[in-house]
file target_32.csv (CSV, C-alpha atoms)
chain,number,residue,atom,x,y,z
K,204,MET,CA,0.0,0.0,0.0
K,205,GLU,CA,1.4,3.4,-1.0
K,206,LYS,CA,1.1,6.3,1.4
K,207,THR,CA,1.2,9.9,0.2
K,208,LEU,CA,3.0,12.3,2.5
K,209,ASN,CA,2.4,16.0,2.7
K,210,ALA,CA,6.1,16.6,1.9
K,211,LYS,CA,8.4,18.2,-0.7
K,212,VAL,CA,11.8,17.0,-2.0
K,213,LEU,CA,14.4,19.7,-2.3
K,214,GLY,CA,18.1,19.3,-3.3
K,215,ILE,CA,20.8,21.5,-1.9
K,216,SER,CA,23.9,21.9,-4.0
K,217,THR,CA,27.2,23.7,-3.5
K,218,ASN,CA,27.3,24.5,-7.2
K,219,HIS,CA,26.1,27.8,-8.6
K,220,GLY,CA,23.1,28.4,-10.8
K,221,ALA,CA,24.4,27.6,-14.3
K,222,SER,CA,25.9,24.3,-13.3
K,223,GLN,CA,22.8,23.4,-11.3
K,224,LYS,CA,20.6,24.0,-14.3
K,225,VAL,CA,22.7,21.7,-16.5
K,226,PHE,CA,22.8,19.0,-13.8
K,227,THR,CA,19.0,19.2,-13.3
K,228,GLN,CA,18.4,18.9,-17.1
K,229,GLN,CA,20.9,16.0,-17.5
K,230,LEU,CA,19.4,14.0,-14.7
K,231,LYS,CA,15.8,15.1,-15.5
K,232,LEU,CA,15.2,16.0,-11.9
K,233,ASP,CA,11.7,16.8,-11.0
K,234,TYR,CA,12.6,18.7,-7.8
K,235,PRO,CA,14.3,22.1,-7.3
K,236,LEU,CA,18.0,22.4,-6.3
K,237,LEU,CA,18.7,25.2,-3.8
K,238,SER,CA,22.1,26.8,-3.6
K,239,ALA,CA,23.9,26.4,-0.3
K,240,PHE,CA,25.9,29.6,-0.9
K,241,ALA,CA,23.0,31.7,-2.1
K,242,ALA,CA,21.2,31.1,1.2
K,243,PRO,CA,23.7,29.8,3.8
K,244,GLU,CA,21.2,30.5,6.6
K,245,VAL,CA,19.0,27.6,5.2
K,246,ILE,CA,21.7,25.0,5.7
K,247,ARG,CA,23.5,26.4,8.8
K,248,ASP,CA,21.8,24.1,11.2
K,249,TYR,CA,22.8,21.0,9.2
K,250,THR,CA,26.4,21.0,10.2
K,251,GLY,CA,28.8,18.3,9.1
K,252,TRP,CA,28.0,18.1,5.4
K,253,LEU,CA,29.4,21.5,4.3
K,254,ASP,CA,33.2,22.3,4.4
K,255,GLU,CA,33.0,26.1,4.1
K,256,ASP,CA,36.8,26.5,3.7
K,257,LYS,CA,36.9,24.2,0.6
K,258,ARG,CA,33.3,25.2,-0.4
K,259,LEU,CA,32.5,21.6,-0.9
K,260,GLY,CA,29.6,19.5,0.3
K,261,ASN,CA,29.3,15.9,1.3
K,262,ARG,CA,26.3,13.8,0.3
K,263,ALA,CA,23.6,14.3,3.0
K,264,TYR,CA,20.1,13.1,3.6
K,265,VAL,CA,17.8,15.1,5.9
K,266,ILE,CA,14.2,14.5,6.6
K,267,ILE,CA,12.3,17.4,8.3
K,268,ASP,CA,8.7,17.1,9.5
K,269,LYS,CA,5.9,19.6,9.1
K,270,GLN,CA,6.9,21.3,12.4
K,271,GLY,CA,10.5,21.8,11.1
K,272,ILE,CA,12.0,19.1,13.4
K,273,VAL,CA,14.8,17.1,11.9
K,274,ARG,CA,13.7,13.4,12.0
K,275,PHE,CA,16.6,11.9,10.2
K,276,LYS,CA,20.1,13.1,9.2
K,277,LYS,CA,22.9,11.1,7.6
K,278,VAL,CA,26.0,12.6,6.2
K,279,GLY,CA,28.4,10.7,4.0
K,280,ALA,CA,27.6,7.3,2.5
K,281,MET,CA,24.5,6.6,0.6
K,282,VAL,CA,21.5,5.7,2.7
K,283,PRO,CA,19.7,2.4,1.9
K,284,VAL,CA,16.2,3.0,0.6
K,285,GLU,CA,14.8,0.8,3.4
K,286,GLY,CA,16.2,3.1,6.0
K,287,LEU,CA,14.5,6.2,4.5
K,288,GLU,CA,11.3,4.3,4.1
K,289,GLN,CA,11.3,3.5,7.8
K,290,VAL,CA,11.7,7.2,8.7
K,291,LEU,CA,9.1,8.3,6.2
K,292,ALA,CA,6.6,5.7,7.5
K,293,GLY,CA,6.7,7.5,10.8
K,294,LEU,CA,5.8,10.9,9.4
K,295,ASP,CA,2.2,12.0,9.4
call {"tool": "encode", "arguments": {"input": "target_32.csv", "output": "structure tokens"}}
result
Amino acid sequence: MEKTLNAKVLGISTNHGASQKVFTQQLKLDYPLLSAFAAPEVIRDYTGWLDEDKRLGNRAYVIIDKQGIVRFKKVGAMVPVEGLEQVLAGLD
């Protein structure tokens, strides 16, 4: 049984607008990419994934509920789908 969540998928990229546009088109992404450097206040609370000195980001997965509470955060290696499904199942 599929469950529809009242949620949005957003990507955060350390690249700038032109390269984000190309990346989005190449991968045919159907969600927006936000620039980490255009709005650093958006990502300030998610420490650990952004190296500001090198201006590089690590892969990160963050699930935030409707109240703005971080329910899941993983920085680094890819997260198995089953792990994300478990977290998403707990959101209402």
call {"tool": "residues_around", "arguments": {"input": "target_32.csv", "residues": "K:Leu237", "least_positions_apart": "5", "cutoff": "8 Å", "atoms": "only C-alpha atoms", "output": "ChimeraX atom specification"}}
result
/K:213-216
call {"tool": "atom_distance", "arguments": {"input": "target_32.csv", "atom1": "atom CA of K:Ile266", "atom2": "atom CA of K:Leu287"}}
result
8.6 Å
call {"tool": "closest_residue", "arguments": {"input": "target_32.csv", "among": "K:Asn218, K:Lys224, K:Asp256, K:Val278", "to": "K:Ser238", "atoms": "all atoms listed in the file"}}
result
K:Asn218
call {"tool": "atom_distance", "arguments": {"input": "target_32.csv", "atom1": "atom CA of K:Gly260", "atom2": "atom CA of K:Gly220"}}
result
15.6 Å
call {"tool": "atom_distance", "arguments": {"input": "target_32.csv", "atom1": "atom CA of K:Gly271", "atom2": "atom CA of K:Lys211"}}
result
12.5 Å
call {"tool": "closest_residue", "arguments": {"input": "target_32.csv", "among": "K:Ser222, K:Tyr264, K:Leu236, K:Leu230", "to": "K:Gly279", "atoms": "only C-alpha atoms"}}
result
K:Tyr264
call {"tool": "closest_residue", "arguments": {"input": "target_32.csv", "among": "K:Lys269, K:Lys276, K:Lys231, K:His219", "to": "K:Leu294", "atoms": "all atoms listed in the file"}}
result
K:Lys269
